[in-house]
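A short write-up of the structure that comes next.
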Amino acid sequence: MERKLKHVAVPSSEITPKSLYLSRRDWLKAMGIVSAAALLAACLPQRGQTPLETEAGGGSGPAPSDELGDPANTFDEITHYNNYYEFSTDKQAVNPLSANFRAAPWAVEVGGLVHKPKTYSLEDLLRFEQVERVYRLRCVEAWSMVIPWTGFELNRLLAEVEPMTGARYVKFTALYDPEQFPGQRSPFYPWPYTEGLRLDEAMHRLTLIATGLYGEVLPNPNGAPLRLVVPWKYGFKSIKAIVRIELTEEQPATLWNTIAPHEYGFYSNVNPQVDHPRWSQRTERRIGELGRRETLMFNGYGEEVASLYAGMDLRVNY
Amino acid sequence: MLGWLPLALLLFDALAGRLSANPIQEVEQRLGRTALYFLLASLAVTPLTTLTGWRALPPRRRALGLYAFLYAGLHFATFVALDYGFDLPEILRLTGEKPFILVGFSAGFLLVPLAITSFDHFVRKMGKRWKRLHRFVYIIAPLVIVHYGWAKKGDLFALRGDILQPLLWGMLVLLLLVLRLPAVRKWVSHLRQKITSVKSV
Ligand code: HEM
């Protein structure tokens, strides 16, 4: 049982060292073919795997890539292009502004309709089995990245607190601290950031609480010390710097849904057929590439998650 | 001359790799904002002249307007060429689907006749009609503000989301337009004359 371990329960063999990742990316850059995804796909062995099997294993592992064969974005790209409105609406300003963020000590209160409510420290949470997942992240602004996260499946945590039978939703709340988050002084948002999932979405094996990136501790601009990652939904669903997780009977209010309900639905599944009044959701630009790609239904995770929405009209429940 | 500076800075940042991880979007947004700034500068000339009595600005107004047109054109070209790779069916579809693009398009479209008639030849030939035509800018500027506000995440009219900048620029446009109302204008120049006559006594 992983939970008995004192510290980060990541077998060192499970995570590819960043130096390896980077040397590979540098080589690619030197060859000037960083965006030649098709070329890369041909020489990567992971093609045809499922998203659960993207864990890069072993020291001599190849560069991380998702199960479709596309390479991960660089550490630099992932940490310098961030939508994190608590710091700034300027994606490039988030990294410098978050440099002194206090991600430790940290506590997450897990409660609501559960039998065993508990406040977890970050160390407690790192005892859940840590896995590496290379996921696509599709922002509602029609850009996307491939990101090698480390973290644990949310269902492990939820199982431990034992949801009551009446629990139907999970509500997440991020830190409220205008001293550290200059963006929270803006009156135009209902701070703090809140998000929500249906309980079965939260229990899904793909739903991750990320605690790391490229095998390193989760960097501040990406939501340190821990954030949600729901790869088949638009990026804004993946709330950062979580301090509270509550099980509820009613569908919780979420920040973007409160601001503009007609634009940001509760579900916000990646769906090229449901248009957004501002950005076309038919296509997206993968960061590092020039052209646009077609956006995939459920961001390419349909095989795993489509059954969650069987019988639902996704045009109504967008 | 100064009007080329933003373009030079953009090229410089491009060469230095400082256009973020998503350079196409960065270029598109920066060109759009630069166009807006020049448009507002051209709109500010008359009120500033009324306020200060300074005569150096009016001769530069046409250049400011033309730079606004230049950057709006580059902004549009970035959208068509770099962002959507000349995919015309998709671009037409987007223009029909997204109100903010339609509004931007309208503003850009209305700028064209103003730019064409900015040569001395037309100014002389059109006389009063030239003035009337160029008053279109009073419609174009608010259209651009709506375009800007709608291009951002949030809801401009409900005052929610990422709308601070479009809101501030929009208030400036409103101020610049109000200062043009004949009554306000008279009052302002009256005030100025009073102040200067007090000073010269
Ligand atoms: C001619 C047709 C036009 C089209 C098709 C167009 C298209 C666009 C698009 C697609 C965006 C969003 C860019 C993004 O966030 O990725 C945008 C933003 C913007 N556009 Fe336009 N536009 C047009 C005309 C104009 C004009 C005439 C102006 C100003 C004079 C203008 C000023 C702006 C500004 C200020 C932004 C926001 C930049 C930011 O986010 O900081 N646009 N436009």
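By order of appearance in the structure tokens: chains A, B, ..., then residues from 1 within every chain, and ligands from 1 in the order shown.
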
Residues contacting ligand 1 - anything with an atom at most 8 Å away, using only C-alpha atoms and all ligand atoms - can you give me those as a compact mmCIF listing (two decimals) with N, CA, C and O atoms, in the first residue's frame?
```txt
# COMPACT_ATOMS: atom_id res chain seq x y z
N GLU A 141 -9.55 28.94 -25.41
CA GLU A 141 -9.09 29.96 -26.36
C GLU A 141 -8.51 29.35 -27.63
O GLU A 141 -7.86 30.05 -28.41
N GLN B 25 -0.70 34.56 -32.04
CA GLN B 25 -1.73 35.28 -31.28
C GLN B 25 -1.16 36.58 -30.71
O GLN B 25 -1.83 37.61 -30.75
N GLU B 26 0.07 36.51 -30.23
CA GLU B 26 0.69 37.71 -29.66
C GLU B 26 0.79 38.82 -30.72
O GLU B 26 0.45 39.97 -30.46
N GLU B 28 -0.98 39.14 -33.48
CA GLU B 28 -2.33 39.55 -33.86
C GLU B 28 -2.88 40.55 -32.84
O GLU B 28 -3.44 41.58 -33.19
N GLN B 29 -2.71 40.22 -31.56
CA GLN B 29 -3.26 41.10 -30.53
C GLN B 29 -2.51 42.41 -30.43
O GLN B 29 -3.10 43.47 -30.26
N ARG B 30 -1.18 42.33 -30.59
CA ARG B 30 -0.41 43.57 -30.47
C ARG B 30 -0.72 44.52 -31.60
O ARG B 30 -0.85 45.73 -31.40
N LEU B 31 -0.86 43.98 -32.82
CA LEU B 31 -1.19 44.84 -33.96
C LEU B 31 -2.57 45.47 -33.77
O LEU B 31 -2.77 46.64 -34.08
N GLY B 32 -3.50 44.69 -33.25
CA GLY B 32 -4.85 45.22 -33.01
C GLY B 32 -4.81 46.37 -32.01
O GLY B 32 -5.42 47.41 -32.21
N ARG B 33 -4.06 46.17 -30.93
CA ARG B 33 -3.98 47.23 -29.91
C ARG B 33 -3.28 48.47 -30.47
O ARG B 33 -3.70 49.59 -30.23
N THR B 34 -2.21 48.24 -31.26
CA THR B 34 -1.51 49.39 -31.83
C THR B 34 -2.44 50.19 -32.74
O THR B 34 -2.45 51.43 -32.71
N ALA B 35 -3.23 49.49 -33.54
CA ALA B 35 -4.19 50.18 -34.42
C ALA B 35 -5.13 51.04 -33.58
O ALA B 35 -5.41 52.20 -33.90
N LEU B 36 -5.60 50.46 -32.49
CA LEU B 36 -6.52 51.20 -31.61
C LEU B 36 -5.85 52.45 -31.06
O LEU B 36 -6.44 53.54 -31.05
N TYR B 37 -4.59 52.32 -30.61
CA TYR B 37 -3.91 53.48 -30.02
C TYR B 37 -3.78 54.62 -31.03
O TYR B 37 -3.99 55.78 -30.71
N PHE B 38 -3.43 54.29 -32.28
CA PHE B 38 -3.30 55.35 -33.29
C PHE B 38 -4.65 55.98 -33.61
O PHE B 38 -4.76 57.19 -33.80
N LEU B 39 -5.66 55.13 -33.64
CA LEU B 39 -6.99 55.67 -33.92
C LEU B 39 -7.40 56.66 -32.82
O LEU B 39 -7.91 57.76 -33.10
N ALA B 68 -3.11 54.15 -38.07
CA ALA B 68 -4.17 53.28 -37.54
C ALA B 68 -4.60 52.30 -38.63
O ALA B 68 -4.75 51.10 -38.38
N PHE B 69 -4.74 52.83 -39.84
CA PHE B 69 -5.16 51.97 -40.95
C PHE B 69 -4.09 50.92 -41.26
O PHE B 69 -4.40 49.74 -41.48
N TYR B 71 -1.87 49.56 -39.22
CA TYR B 71 -1.82 48.49 -38.23
C TYR B 71 -3.09 47.64 -38.26
O TYR B 71 -3.04 46.43 -38.03
N ALA B 72 -4.23 48.27 -38.53
CA ALA B 72 -5.46 47.48 -38.66
C ALA B 72 -5.31 46.52 -39.84
O ALA B 72 -5.71 45.35 -39.77
N GLY B 73 -4.70 47.01 -40.93
CA GLY B 73 -4.49 46.16 -42.10
C GLY B 73 -3.57 44.99 -41.77
O GLY B 73 -3.82 43.84 -42.16
N HIS B 75 -3.05 43.74 -38.83
CA HIS B 75 -3.82 42.92 -37.88
C HIS B 75 -4.73 41.96 -38.66
O HIS B 75 -4.76 40.76 -38.42
N PHE B 76 -5.41 42.52 -39.63
CA PHE B 76 -6.31 41.73 -40.47
C PHE B 76 -5.51 40.68 -41.26
O PHE B 76 -5.89 39.51 -41.35
N PHE B 79 -4.51 37.80 -39.13
CA PHE B 79 -5.67 36.93 -38.92
C PHE B 79 -5.89 36.01 -40.12
O PHE B 79 -6.02 34.79 -39.97
N VAL B 80 -5.88 36.60 -41.31
CA VAL B 80 -6.19 35.83 -42.51
C VAL B 80 -5.05 34.88 -42.88
O VAL B 80 -5.27 33.70 -43.17
N THR B 95 -16.57 34.80 -39.58
CA THR B 95 -17.08 36.18 -39.60
C THR B 95 -18.59 36.18 -39.40
O THR B 95 -19.13 37.06 -38.73
N PHE B 100 -17.89 39.33 -32.60
CA PHE B 100 -16.76 40.24 -32.39
C PHE B 100 -15.92 40.37 -33.66
O PHE B 100 -15.36 41.43 -33.93
N ILE B 101 -15.86 39.32 -34.46
CA ILE B 101 -15.11 39.41 -35.71
C ILE B 101 -15.89 40.25 -36.72
O ILE B 101 -15.32 41.09 -37.42
N LEU B 102 -17.20 40.08 -36.74
CA LEU B 102 -18.03 40.88 -37.64
C LEU B 102 -17.88 42.37 -37.32
O LEU B 102 -17.74 43.21 -38.22
N VAL B 103 -17.88 42.69 -36.04
CA VAL B 103 -17.74 44.08 -35.62
C VAL B 103 -16.35 44.62 -36.02
O VAL B 103 -16.22 45.73 -36.54
N GLY B 104 -15.30 43.81 -35.81
CA GLY B 104 -13.95 44.21 -36.21
C GLY B 104 -13.89 44.44 -37.71
O GLY B 104 -13.32 45.43 -38.20
N PHE B 105 -14.51 43.53 -38.42
CA PHE B 105 -14.58 43.61 -39.87
C PHE B 105 -15.26 44.92 -40.31
O PHE B 105 -14.77 45.61 -41.20
N SER B 106 -16.37 45.23 -39.69
CA SER B 106 -17.09 46.46 -40.04
C SER B 106 -16.21 47.68 -39.80
O SER B 106 -16.13 48.57 -40.65
N ALA B 107 -15.54 47.69 -38.65
CA ALA B 107 -14.68 48.82 -38.34
C ALA B 107 -13.57 48.94 -39.38
O ALA B 107 -13.29 50.02 -39.91
N GLY B 108 -12.94 47.80 -39.70
CA GLY B 108 -11.86 47.80 -40.67
C GLY B 108 -12.34 48.24 -42.05
O GLY B 108 -11.69 49.02 -42.74
N PHE B 109 -13.53 47.75 -42.41
CA PHE B 109 -14.11 48.08 -43.70
C PHE B 109 -14.38 49.57 -43.81
O PHE B 109 -14.09 50.21 -44.83
N LEU B 111 -12.85 51.87 -42.35
CA LEU B 111 -11.59 52.63 -42.38
C LEU B 111 -11.08 52.81 -43.80
O LEU B 111 -10.35 53.76 -44.10
N ILE B 140 -16.54 54.36 -36.04
CA ILE B 140 -15.51 53.32 -36.06
C ILE B 140 -14.91 53.09 -34.67
O ILE B 140 -14.76 51.94 -34.23
N ALA B 141 -14.61 54.16 -33.97
CA ALA B 141 -13.94 54.02 -32.67
C ALA B 141 -14.79 53.20 -31.69
O ALA B 141 -14.28 52.25 -31.09
N VAL B 144 -14.65 49.58 -32.60
CA VAL B 144 -13.39 48.93 -32.23
C VAL B 144 -13.39 48.58 -30.74
O VAL B 144 -12.92 47.51 -30.34
N ILE B 145 -13.95 49.46 -29.92
CA ILE B 145 -14.01 49.17 -28.48
C ILE B 145 -14.87 47.93 -28.21
O ILE B 145 -14.49 47.05 -27.43
N HIS B 147 -15.43 45.55 -30.33
CA HIS B 147 -14.63 44.45 -30.86
C HIS B 147 -13.59 43.99 -29.83
O HIS B 147 -13.42 42.80 -29.58
N TYR B 148 -12.92 44.94 -29.22
CA TYR B 148 -11.88 44.66 -28.22
C TYR B 148 -12.53 43.97 -27.01
O TYR B 148 -12.07 42.91 -26.55
N GLY B 149 -13.59 44.56 -26.50
CA GLY B 149 -14.24 44.01 -25.31
C GLY B 149 -14.74 42.60 -25.54
O GLY B 149 -14.57 41.72 -24.69
N ALA B 151 -13.54 40.51 -27.62
CA ALA B 151 -12.45 39.58 -27.92
C ALA B 151 -11.87 39.00 -26.63
O ALA B 151 -11.05 38.09 -26.66
N LYS B 152 -12.30 39.54 -25.50
CA LYS B 152 -11.72 39.12 -24.22
C LYS B 152 -12.68 38.19 -23.48
O LYS B 152 -13.89 38.27 -23.65
N PRO B 166 -10.44 47.18 -22.16
CA PRO B 166 -11.42 47.73 -23.10
C PRO B 166 -12.31 48.76 -22.44
O PRO B 166 -12.70 49.75 -23.07
```

### Task
Could you find all residues in segment 141-178 of chain B that DSSP calls helix (DSSP H, G or I) from the backbone, and write them as a PyMOL selection string?
chain B and resi 141-150+164-178

Q.
Nearest residue to Asp83 of chain B out of B:Leu175, B:Ala14, B:Asn22, B:Gly3, using only C-alpha atoms?
A.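 When distances to Asp83 of chain B are compared using only C-alpha atoms, the smallest one comes from B:Asn22.
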
Could the residues of chain A that have an atom at most 7 Å from chain B be listed as a tab-separated table, each with its closest atom pair and the distance in Å to one decimal, counting only C-alpha atoms and ordered by chain and ascending residue number?
```
residue	atom	partner	partner_atom	distance
A:Glu77	CA	B:Ala21	CA	5.7
A:Tyr81	CA	B:Ala21	CA	6.1
A:Gln92	CA	B:Ser20	CA	6.6
A:Phe188	CA	B:Arg160	CA	4.6
A:Tyr189	CA	B:Gly161	CA	5.8
A:Ile259	CA	B:Arg160	CA	5.8
A:Ala260	CA	B:Gly154	CA	6.2
A:Pro277	CA	B:Lys98	CA	5.5
A:Arg278	CA	B:Lys98	CA	5.8
A:Ile287	CA	B:Asn22	CA	6.0
A:Gly288	CA	B:Ala21	CA	6.9
```

Please save N, CA, C and O atoms of the selected residues as a compact mmCIF listing (two decimals), in the first residue's frame.
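The new file selection_31.txt reads:
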```
# COMPACT_ATOMS: atom_id res chain seq x y z
N GLU A 77 7.85 26.13 -22.36
CA GLU A 77 6.55 26.53 -22.90
C GLU A 77 5.45 26.37 -21.85
O GLU A 77 4.61 27.24 -21.66
N TYR A 81 3.52 30.19 -20.35
CA TYR A 81 2.33 30.56 -21.13
C TYR A 81 1.15 30.05 -20.35
O TYR A 81 0.66 28.94 -20.59
N GLN A 92 2.11 35.72 -20.14
CA GLN A 92 3.56 35.74 -19.94
C GLN A 92 3.94 36.37 -18.61
O GLN A 92 5.07 36.21 -18.15
N PHE A 188 -14.01 42.51 -10.98
CA PHE A 188 -14.82 41.97 -12.08
C PHE A 188 -14.99 40.46 -12.04
O PHE A 188 -15.55 39.86 -12.95
N TYR A 189 -14.47 39.81 -10.97
CA TYR A 189 -14.57 38.35 -10.88
C TYR A 189 -15.13 37.95 -9.52
O TYR A 189 -14.80 38.57 -8.51
N ILE A 259 -19.67 34.01 -14.46
CA ILE A 259 -19.37 35.22 -15.21
C ILE A 259 -20.16 35.28 -16.52
O ILE A 259 -20.76 36.29 -16.85
N ALA A 260 -20.14 34.20 -17.27
CA ALA A 260 -20.80 34.20 -18.58
C ALA A 260 -21.41 32.82 -18.85
O ALA A 260 -20.81 32.00 -19.53
N PRO A 277 -19.10 31.62 -28.68
CA PRO A 277 -19.31 32.89 -29.38
C PRO A 277 -18.00 33.63 -29.73
O PRO A 277 -18.01 34.53 -30.56
N ARG A 278 -16.90 33.23 -29.14
CA ARG A 278 -15.67 33.98 -29.38
C ARG A 278 -14.65 33.18 -30.18
O ARG A 278 -14.12 33.65 -31.16
N ILE A 287 0.64 24.56 -29.33
CA ILE A 287 1.76 25.46 -29.07
C ILE A 287 3.03 24.83 -29.65
O ILE A 287 3.33 23.66 -29.40
N GLY A 288 3.76 25.63 -30.44
CA GLY A 288 4.95 25.13 -31.12
C GLY A 288 4.69 24.81 -32.58
O GLY A 288 5.64 24.57 -33.33
```

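Distances here use only C-alpha atoms; by that measure, the residue among A:Ala142, A:Leu255, A:Val270, A:Leu125 closest to Tyr234 of chain A is A:Val270.
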
Separating atom CA of Gln180 of chain A from atom CA of Leu197 of chain A, to the nearest tenth of an Å, is a gap of 26.9 Å

Practice item. Return as number ranges by chain the full set of residues in segment 58-168 of chain A whose backbone-based DSSP assignment is strand (DSSP E or B). Key: A: 65, 71, 84, 88, 107-112, 114, 118-121, 131-138, 143-153, 163

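Non-sequential neighbours of Leu57 of chain B (distance at most 10 Å, separation of 4 or more positions within a chain, only C-alpha atoms) are Ser42, Ala44, Val45, Thr46, Leu48, Thr49, Gly53 and Arg61 of chain B.
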
Those residues with C-alpha atoms, as a JSON list (two decimals), in the first residue's frame please?
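Writing done, so here's part_21.json:
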```
[["chain", "number", "residue", "atom", "x", "y", "z"],
["B", 42, "SER", "CA", -6.04, 60.80, -34.18],
["B", 44, "ALA", "CA", -7.54, 63.18, -29.53],
["B", 45, "VAL", "CA", -6.10, 65.86, -31.81],
["B", 46, "THR", "CA", -9.15, 68.11, -31.99],
["B", 48, "LEU", "CA", -6.39, 68.62, -27.33],
["B", 49, "THR", "CA", -6.20, 71.58, -29.67],
["B", 53, "GLY", "CA", -4.82, 76.07, -28.25],
["B", 61, "ARG", "CA", -3.77, 64.10, -37.60]]
```

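Proximity of A:Gly215, A:Pro182, A:Pro190, A:Gly69 to Thr258 of chain A, computed with only C-alpha atoms, is greatest for A:Pro190.
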
What's the 12 Å shell around Tyr309 of chain A, counting only C-alpha atoms, without same-chain residues fewer than 3 positions away, as a ChimeraX atom specification? /A:198,200-201,267,269,298,302-306,312-318

**OP:** Please provide as a PyMOL selection string all residues within 7 Å of segment 101-115 of chain A, with the sequence filter that same-chain residues fewer than 5 positions apart are discarded (counting only C-alpha atoms).
**Re:** chain A and resi 120-122+161-164+167+180+220+224-225+242-248

Check the smallest atom-to-atom distance from each of B:Val146, B:Pro59, B:Leu2, B:Leu114 to Arg132 of chain B using only C-alpha atoms, then report the winner.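 Nearest candidate to Arg132 of chain B out of B:Val146, B:Pro59, B:Leu2, B:Leu114: B:Leu114.
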